[in-house]
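Listing of work07.txt; format and content: compact mmCIF, N, CA and C atoms.
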# COMPACT_ATOMS: atom_id res chain seq x y z
N MET K 1 -11.28 11.59 -1.45
CA MET K 1 -10.18 12.46 -1.08
C MET K 1 -9.08 11.66 -0.40
N ASN K 2 -7.86 12.00 -0.71
CA ASN K 2 -6.72 11.39 -0.06
C ASN K 2 -6.50 12.06 1.28
N LEU K 3 -6.11 11.32 2.26
CA LEU K 3 -5.94 11.88 3.60
C LEU K 3 -4.75 12.82 3.70
N THR K 4 -3.77 12.68 2.83
CA THR K 4 -2.60 13.53 2.91
C THR K 4 -2.68 14.71 1.95
N THR K 5 -3.11 14.48 0.74
CA THR K 5 -3.18 15.54 -0.25
C THR K 5 -4.61 15.61 -0.76
N ASP K 6 -5.36 16.60 -0.34
CA ASP K 6 -6.72 16.77 -0.82
C ASP K 6 -6.69 17.34 -2.23
N CYS K 7 -7.31 16.66 -3.18
CA CYS K 7 -7.33 17.10 -4.56
C CYS K 7 -8.62 17.86 -4.84
N SER K 8 -8.50 19.05 -5.37
CA SER K 8 -9.68 19.82 -5.77
C SER K 8 -10.16 19.32 -7.12
N ALA K 9 -11.35 19.76 -7.54
CA ALA K 9 -11.91 19.34 -8.82
C ALA K 9 -10.99 19.74 -9.97
N GLU K 10 -10.30 20.87 -9.86
CA GLU K 10 -9.41 21.33 -10.92
C GLU K 10 -8.20 20.42 -11.08
N GLN K 11 -7.84 19.67 -10.05
CA GLN K 11 -6.66 18.82 -10.09
C GLN K 11 -6.95 17.40 -10.58
N VAL K 12 -8.20 17.06 -10.79
CA VAL K 12 -8.53 15.69 -11.15
C VAL K 12 -7.81 15.27 -12.43
N ASP K 13 -7.72 16.15 -13.41
CA ASP K 13 -7.02 15.81 -14.65
C ASP K 13 -5.52 15.68 -14.44
N ALA K 14 -5.03 16.14 -13.32
CA ALA K 14 -3.60 16.08 -13.04
C ALA K 14 -3.30 15.06 -11.95
N SER K 15 -4.20 14.09 -11.77
CA SER K 15 -3.94 13.10 -10.73
C SER K 15 -4.58 11.76 -11.09
N TYR K 16 -4.09 10.74 -10.42
CA TYR K 16 -4.63 9.40 -10.54
C TYR K 16 -4.63 8.80 -9.15
N ARG K 17 -5.75 8.25 -8.74
CA ARG K 17 -5.87 7.64 -7.42
C ARG K 17 -6.62 6.33 -7.56
N MET K 18 -6.04 5.24 -7.00
CA MET K 18 -6.69 3.94 -7.11
C MET K 18 -6.27 3.07 -5.94
N GLY K 19 -7.21 2.28 -5.45
CA GLY K 19 -6.93 1.30 -4.41
C GLY K 19 -6.53 -0.02 -5.02
N PHE K 20 -5.58 -0.69 -4.39
CA PHE K 20 -5.06 -1.96 -4.89
C PHE K 20 -4.86 -2.94 -3.74
N THR K 21 -4.96 -4.21 -4.05
CA THR K 21 -4.39 -5.26 -3.22
C THR K 21 -3.19 -5.73 -4.01
N VAL K 22 -2.00 -5.51 -3.47
CA VAL K 22 -0.78 -5.72 -4.25
C VAL K 22 -0.17 -7.08 -3.99
N GLY K 23 0.57 -7.53 -4.99
CA GLY K 23 1.29 -8.79 -4.90
C GLY K 23 2.68 -8.62 -5.49
N ASP K 24 3.34 -9.73 -5.70
CA ASP K 24 4.73 -9.70 -6.15
C ASP K 24 4.93 -9.01 -7.50
N HIS K 25 3.92 -9.00 -8.36
CA HIS K 25 4.07 -8.43 -9.70
C HIS K 25 3.36 -7.09 -9.87
N SER K 26 2.81 -6.56 -8.83
CA SER K 26 2.02 -5.32 -8.93
C SER K 26 2.86 -4.10 -9.28
N ALA K 27 4.09 -4.05 -8.84
CA ALA K 27 4.92 -2.88 -9.10
C ALA K 27 5.09 -2.63 -10.60
N GLY K 28 5.21 -3.68 -11.37
CA GLY K 28 5.35 -3.52 -12.82
C GLY K 28 4.13 -2.85 -13.43
N HIS K 29 2.96 -3.24 -13.00
CA HIS K 29 1.73 -2.62 -13.51
C HIS K 29 1.66 -1.15 -13.09
N MET K 30 2.04 -0.87 -11.86
CA MET K 30 2.00 0.51 -11.39
C MET K 30 3.03 1.38 -12.08
N ARG K 31 4.18 0.81 -12.41
CA ARG K 31 5.19 1.57 -13.16
C ARG K 31 4.65 1.97 -14.53
N ARG K 32 3.93 1.07 -15.20
CA ARG K 32 3.35 1.39 -16.51
C ARG K 32 2.32 2.51 -16.39
N ILE K 33 1.49 2.47 -15.36
CA ILE K 33 0.51 3.54 -15.14
C ILE K 33 1.24 4.86 -14.90
N LEU K 34 2.25 4.84 -14.05
CA LEU K 34 3.03 6.05 -13.75
C LEU K 34 3.67 6.59 -15.02
N ARG K 35 4.30 5.73 -15.82
CA ARG K 35 4.94 6.16 -17.06
C ARG K 35 3.95 6.83 -18.00
N MET K 36 2.72 6.28 -18.09
CA MET K 36 1.71 6.86 -18.95
C MET K 36 1.39 8.30 -18.53
N PHE K 37 1.21 8.51 -17.23
CA PHE K 37 0.91 9.85 -16.76
C PHE K 37 2.09 10.79 -16.95
N LEU K 38 3.29 10.32 -16.67
CA LEU K 38 4.47 11.18 -16.85
C LEU K 38 4.61 11.60 -18.31
N ALA K 39 4.34 10.70 -19.24
CA ALA K 39 4.40 11.05 -20.66
C ALA K 39 3.32 12.08 -21.00
N GLN K 40 2.11 11.88 -20.48
CA GLN K 40 1.02 12.81 -20.74
C GLN K 40 1.34 14.20 -20.19
N TRP K 41 2.00 14.26 -19.05
CA TRP K 41 2.33 15.53 -18.41
C TRP K 41 3.68 16.09 -18.86
N GLU K 42 4.32 15.41 -19.83
CA GLU K 42 5.63 15.81 -20.35
C GLU K 42 6.68 15.88 -19.24
N LEU K 43 6.63 14.88 -18.36
CA LEU K 43 7.59 14.76 -17.26
C LEU K 43 8.40 13.46 -17.40
N ASP K 44 8.65 13.05 -18.63
CA ASP K 44 9.36 11.79 -18.88
C ASP K 44 10.71 11.73 -18.17
N ALA K 45 11.35 12.87 -17.97
CA ALA K 45 12.68 12.89 -17.33
C ALA K 45 12.63 12.37 -15.90
N LEU K 46 11.45 12.36 -15.29
CA LEU K 46 11.30 11.89 -13.91
C LEU K 46 11.05 10.39 -13.82
N ALA K 47 10.87 9.74 -14.96
CA ALA K 47 10.42 8.34 -14.97
C ALA K 47 11.35 7.41 -14.20
N GLY K 48 12.62 7.46 -14.45
CA GLY K 48 13.54 6.52 -13.80
C GLY K 48 13.47 6.60 -12.29
N ALA K 49 13.62 7.79 -11.75
CA ALA K 49 13.60 7.98 -10.30
C ALA K 49 12.23 7.63 -9.72
N ALA K 50 11.16 8.11 -10.36
CA ALA K 50 9.82 7.90 -9.83
C ALA K 50 9.44 6.42 -9.88
N GLU K 51 9.80 5.73 -10.94
CA GLU K 51 9.48 4.31 -11.04
C GLU K 51 10.21 3.50 -9.98
N LEU K 52 11.47 3.80 -9.75
CA LEU K 52 12.23 3.09 -8.72
C LEU K 52 11.64 3.34 -7.34
N ALA K 53 11.33 4.59 -7.05
CA ALA K 53 10.77 4.92 -5.73
C ALA K 53 9.41 4.27 -5.54
N LEU K 54 8.54 4.32 -6.55
CA LEU K 54 7.23 3.67 -6.44
C LEU K 54 7.38 2.17 -6.23
N THR K 55 8.30 1.55 -6.95
CA THR K 55 8.55 0.12 -6.79
C THR K 55 8.91 -0.21 -5.35
N GLU K 56 9.76 0.58 -4.74
CA GLU K 56 10.18 0.33 -3.36
C GLU K 56 9.01 0.50 -2.39
N LEU K 57 8.18 1.52 -2.58
CA LEU K 57 7.04 1.71 -1.67
C LEU K 57 6.03 0.58 -1.80
N VAL K 58 5.79 0.12 -3.02
CA VAL K 58 4.87 -1.00 -3.22
C VAL K 58 5.46 -2.28 -2.62
N ALA K 59 6.76 -2.49 -2.78
CA ALA K 59 7.40 -3.67 -2.19
C ALA K 59 7.25 -3.66 -0.67
N ASN K 60 7.31 -2.49 -0.05
CA ASN K 60 7.11 -2.41 1.40
C ASN K 60 5.70 -2.83 1.79
N VAL K 61 4.71 -2.47 0.98
CA VAL K 61 3.34 -2.90 1.27
C VAL K 61 3.25 -4.42 1.15
N VAL K 62 3.83 -4.98 0.11
CA VAL K 62 3.78 -6.43 -0.10
C VAL K 62 4.43 -7.15 1.09
N ARG K 63 5.56 -6.63 1.57
CA ARG K 63 6.30 -7.31 2.64
C ARG K 63 5.74 -7.08 4.04
N HIS K 64 5.18 -5.89 4.29
CA HIS K 64 4.92 -5.51 5.68
C HIS K 64 3.47 -5.20 6.05
N VAL K 65 2.57 -5.11 5.08
CA VAL K 65 1.20 -4.72 5.38
C VAL K 65 0.28 -5.94 5.34
N PRO K 66 -0.35 -6.29 6.45
CA PRO K 66 -1.30 -7.41 6.44
C PRO K 66 -2.41 -7.13 5.43
N GLY K 67 -2.71 -8.10 4.61
CA GLY K 67 -3.74 -7.95 3.59
C GLY K 67 -3.27 -7.27 2.33
N ARG K 68 -2.11 -6.62 2.37
CA ARG K 68 -1.47 -6.00 1.20
C ARG K 68 -2.33 -4.96 0.49
N GLY K 69 -3.22 -4.30 1.21
CA GLY K 69 -4.05 -3.27 0.60
C GLY K 69 -3.39 -1.90 0.68
N CYS K 70 -3.55 -1.13 -0.39
CA CYS K 70 -3.01 0.23 -0.40
C CYS K 70 -3.78 1.09 -1.39
N VAL K 71 -3.59 2.38 -1.26
CA VAL K 71 -4.13 3.36 -2.20
C VAL K 71 -2.94 4.13 -2.75
N VAL K 72 -2.86 4.23 -4.07
CA VAL K 72 -1.77 4.95 -4.73
C VAL K 72 -2.34 6.23 -5.32
N LEU K 73 -1.65 7.33 -5.06
CA LEU K 73 -2.00 8.63 -5.64
C LEU K 73 -0.80 9.12 -6.42
N ILE K 74 -1.02 9.43 -7.70
CA ILE K 74 -0.01 10.05 -8.55
C ILE K 74 -0.53 11.45 -8.84
N LEU K 75 0.23 12.44 -8.46
CA LEU K 75 -0.26 13.82 -8.52
C LEU K 75 0.73 14.71 -9.25
N ARG K 76 0.25 15.37 -10.31
CA ARG K 76 1.05 16.37 -11.03
C ARG K 76 1.10 17.62 -10.18
N ARG K 77 2.29 18.09 -9.89
CA ARG K 77 2.47 19.32 -9.11
C ARG K 77 3.01 20.40 -10.05
N PRO K 78 2.82 21.66 -9.70
CA PRO K 78 3.35 22.73 -10.57
C PRO K 78 4.86 22.59 -10.82
N ASP K 79 5.57 22.06 -9.83
CA ASP K 79 7.03 21.93 -9.94
C ASP K 79 7.49 20.51 -10.20
N GLY K 80 6.59 19.57 -10.45
CA GLY K 80 7.00 18.19 -10.70
C GLY K 80 5.93 17.18 -10.36
N LEU K 81 6.27 16.23 -9.51
CA LEU K 81 5.42 15.07 -9.26
C LEU K 81 5.44 14.71 -7.78
N ARG K 82 4.28 14.26 -7.29
CA ARG K 82 4.18 13.68 -5.95
C ARG K 82 3.47 12.34 -6.09
N VAL K 83 3.99 11.33 -5.42
CA VAL K 83 3.38 10.00 -5.39
C VAL K 83 3.19 9.62 -3.94
N GLU K 84 2.02 9.11 -3.62
CA GLU K 84 1.70 8.66 -2.26
C GLU K 84 1.21 7.22 -2.29
N VAL K 85 1.64 6.46 -1.31
CA VAL K 85 1.14 5.10 -1.12
C VAL K 85 0.62 5.03 0.32
N SER K 86 -0.69 4.90 0.46
CA SER K 86 -1.33 4.85 1.78
C SER K 86 -1.75 3.42 2.07
N ASP K 87 -1.58 3.02 3.33
CA ASP K 87 -2.01 1.67 3.72
C ASP K 87 -2.58 1.71 5.12
N GLY K 88 -3.13 0.60 5.55
CA GLY K 88 -3.79 0.52 6.85
C GLY K 88 -2.91 0.09 7.99
N CYS K 89 -1.62 0.05 7.79
CA CYS K 89 -0.68 -0.37 8.83
C CYS K 89 -0.08 0.87 9.50
N PRO K 90 -0.26 1.04 10.79
CA PRO K 90 0.22 2.27 11.43
C PRO K 90 1.73 2.32 11.64
N SER K 91 2.43 1.20 11.53
CA SER K 91 3.88 1.19 11.76
C SER K 91 4.59 1.99 10.68
N PRO K 92 5.40 2.96 11.08
CA PRO K 92 6.12 3.75 10.07
C PRO K 92 7.24 2.93 9.45
N PRO K 93 7.55 3.22 8.19
CA PRO K 93 8.67 2.50 7.57
C PRO K 93 9.98 2.96 8.20
N ARG K 94 10.94 2.07 8.21
CA ARG K 94 12.24 2.40 8.80
C ARG K 94 13.35 2.08 7.81
N PRO K 95 14.17 3.07 7.48
CA PRO K 95 15.33 2.78 6.63
C PRO K 95 16.28 1.83 7.36
N ALA K 96 17.11 1.16 6.60
CA ALA K 96 18.08 0.23 7.18
C ALA K 96 19.01 0.96 8.13
N ALA K 97 19.36 0.30 9.19
CA ALA K 97 20.33 0.85 10.13
C ALA K 97 21.69 0.93 9.44
N PRO K 98 22.48 1.96 9.75
CA PRO K 98 23.79 2.09 9.11
C PRO K 98 24.69 0.88 9.31
N ASP K 99 24.47 0.14 10.39
CA ASP K 99 25.33 -1.00 10.66
C ASP K 99 24.75 -2.33 10.12
N ALA K 100 23.68 -2.24 9.30
CA ALA K 100 23.12 -3.46 8.71
C ALA K 100 24.19 -4.11 7.83
N GLY K 101 24.29 -5.39 7.90
CA GLY K 101 25.33 -6.09 7.17
C GLY K 101 25.22 -5.91 5.67
N GLU K 102 26.36 -5.97 5.00
CA GLU K 102 26.40 -5.82 3.54
C GLU K 102 25.55 -6.87 2.84
N LEU K 103 25.44 -8.04 3.43
CA LEU K 103 24.71 -9.13 2.80
C LEU K 103 23.25 -9.20 3.24
N SER K 104 22.83 -8.24 4.04
CA SER K 104 21.44 -8.20 4.48
C SER K 104 20.52 -8.08 3.27
N GLU K 105 19.42 -8.85 3.27
CA GLU K 105 18.54 -8.88 2.10
C GLU K 105 17.51 -7.77 2.07
N GLY K 106 17.29 -7.06 3.14
CA GLY K 106 16.25 -6.04 3.14
C GLY K 106 16.69 -4.77 3.82
N GLY K 107 15.79 -3.80 3.78
CA GLY K 107 16.00 -2.58 4.52
C GLY K 107 16.62 -1.44 3.75
N ARG K 108 16.95 -1.66 2.48
CA ARG K 108 17.61 -0.60 1.72
C ARG K 108 16.66 0.17 0.81
N GLY K 109 15.43 -0.26 0.70
CA GLY K 109 14.49 0.39 -0.21
C GLY K 109 14.29 1.87 0.08
N LEU K 110 14.12 2.22 1.34
CA LEU K 110 13.91 3.63 1.67
C LEU K 110 15.18 4.45 1.46
N LEU K 111 16.34 3.82 1.59
CA LEU K 111 17.58 4.53 1.27
C LEU K 111 17.63 4.85 -0.22
N LEU K 112 17.14 3.94 -1.05
CA LEU K 112 17.04 4.20 -2.48
C LEU K 112 16.05 5.32 -2.77
N VAL K 113 14.89 5.28 -2.10
CA VAL K 113 13.90 6.35 -2.29
C VAL K 113 14.52 7.70 -1.95
N GLU K 114 15.23 7.76 -0.84
CA GLU K 114 15.88 9.01 -0.45
C GLU K 114 16.91 9.46 -1.48
N ALA K 115 17.63 8.51 -2.05
CA ALA K 115 18.70 8.84 -2.99
C ALA K 115 18.18 9.35 -4.33
N VAL K 116 17.04 8.84 -4.79
CA VAL K 116 16.59 9.18 -6.15
C VAL K 116 15.50 10.23 -6.21
N THR K 117 14.95 10.62 -5.06
CA THR K 117 13.88 11.63 -5.06
C THR K 117 14.37 12.91 -4.41
N ASP K 118 13.61 13.97 -4.58
CA ASP K 118 13.97 15.25 -3.95
C ASP K 118 13.53 15.32 -2.50
N ARG K 119 12.42 14.68 -2.18
CA ARG K 119 11.88 14.64 -0.83
C ARG K 119 11.07 13.37 -0.67
N TRP K 120 11.02 12.87 0.56
CA TRP K 120 10.13 11.76 0.86
C TRP K 120 9.79 11.85 2.34
N GLY K 121 8.73 11.19 2.72
CA GLY K 121 8.36 11.18 4.12
C GLY K 121 7.20 10.26 4.37
N THR K 122 6.74 10.29 5.60
CA THR K 122 5.61 9.46 5.99
C THR K 122 4.71 10.28 6.90
N ASP K 123 3.42 10.12 6.74
CA ASP K 123 2.42 10.81 7.55
C ASP K 123 1.48 9.78 8.14
N ALA K 124 1.35 9.80 9.46
CA ALA K 124 0.38 8.93 10.12
C ALA K 124 -1.01 9.52 9.94
N ASN K 125 -2.01 8.65 9.90
CA ASN K 125 -3.40 9.11 9.86
C ASN K 125 -4.25 8.15 10.67
N SER K 126 -5.53 8.38 10.71
CA SER K 126 -6.41 7.60 11.59
C SER K 126 -6.56 6.14 11.14
N THR K 127 -6.22 5.84 9.91
CA THR K 127 -6.38 4.47 9.41
C THR K 127 -5.06 3.77 9.11
N GLY K 128 -3.95 4.43 9.31
CA GLY K 128 -2.65 3.82 8.99
C GLY K 128 -1.61 4.89 8.74
N LYS K 129 -1.06 4.88 7.52
CA LYS K 129 -0.03 5.85 7.17
C LYS K 129 -0.02 6.08 5.67
N THR K 130 0.63 7.17 5.29
CA THR K 130 0.91 7.47 3.90
C THR K 130 2.40 7.71 3.77
N VAL K 131 3.03 6.99 2.87
CA VAL K 131 4.44 7.22 2.54
C VAL K 131 4.45 7.89 1.17
N TRP K 132 5.20 8.97 1.05
CA TRP K 132 5.16 9.78 -0.16
C TRP K 132 6.57 10.17 -0.60
N PHE K 133 6.65 10.55 -1.88
CA PHE K 133 7.89 11.14 -2.39
C PHE K 133 7.54 12.19 -3.43
N GLU K 134 8.47 13.09 -3.63
CA GLU K 134 8.32 14.14 -4.63
C GLU K 134 9.57 14.20 -5.50
N CYS K 135 9.37 14.42 -6.79
CA CYS K 135 10.46 14.63 -7.73
C CYS K 135 10.22 15.97 -8.41
N ASP K 136 11.20 16.83 -8.37
CA ASP K 136 11.10 18.14 -8.99
C ASP K 136 11.53 18.06 -10.44
N ALA K 137 10.74 18.66 -11.33
CA ALA K 137 11.07 18.64 -12.76
C ALA K 137 12.37 19.40 -13.03
N ALA K 138 12.60 20.47 -12.32
CA ALA K 138 13.78 21.31 -12.57
C ALA K 138 15.07 20.62 -12.16
N SER K 139 15.01 19.65 -11.26
CA SER K 139 16.23 19.02 -10.79
C SER K 139 16.68 17.85 -11.66
N ARG K 140 15.94 17.51 -12.67
CA ARG K 140 16.29 16.35 -13.51
C ARG K 140 16.83 16.82 -14.86
I need this file expressed as structure tokens, please.
Amino acid sequence: MNLTTDCSAEQVDASYRMGFTVGDHSAGHMRRILRMFLAQWELDALAGAAELALTELVANVVRHVPGRGCVVLILRRPDGLRVEVSDGCPSPPRPAAPDAGELSEGGRGLLLVEAVTDRWGTDANSTGKTVWFECDAASR
């Protein structure tokens, strides 16, 4: 069971959950997995936004989580899609400060997640945190 979204037996066919140790090239593999599920669920219209948001969340694990371990949940919702990336680091992600320099190399990933998804957030838990986003099928 995921700590943020408990999946019932009826939802198993509408979800994918897997633990990973991620590296620099992991986001590409996860995008392919996500695309496969979106095609199966006939949610292809969400692919661009969902792939970009997932890439940013995985990049945050690579950059900021010791050991780079995470659990990814892709969940079909009645109104669209929810993706969660859980890790063992309790520090919440922080979007870039508005005064971050134009040439700053980092800190904009969560701003992108906010821009391309309908909702996103973070939930603390006893082992770390879960960062999630949702894309509504009707809004695409």
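Nearest residue to K:Val116 among K:Arg68, K:Gln40, K:Ala53, K:Arg82 is K:Ala53, counting only C-alpha atoms.
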| message | If I take atom CA of K:Glu114 and atom CA of K:Pro95, how far is one from the other in Å, to one decimal? | response |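 A separation of 9.4 Å between them.
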| field | stretch 58-64 of chain K environment, 6 Å, only N, CA and C atoms, sequence neighbours closer than 3 positions dropped, as a list in words | value |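 Returned residues: Val22, Gly23, Leu54, Thr55 and Arg68 of chain K.
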| message | My list of candidates is K:Gly109, K:Gly19, K:Gly48, K:Pro66. Which is closest to K:Gly88 when distances are computed with all atoms listed in the file? | response |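 Of the candidates, the smallest distance to K:Gly88 is held by K:Pro66.
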| Which of these, K:Arg119, K:Arg108, K:Lys129, K:His29, has the shortest distance to K:Val65 once you count only C-alpha atoms? |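 For K:Val65, the nearest of the given residues is K:Lys129.
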| task | Using DSSP on the backbone, list every residue of chain K that comes out as helix (DSSP H, G or I), and give them as a ChimeraX atom specification. | result | /K:9-14,26-40,44-64,66-68,109-116,137-139
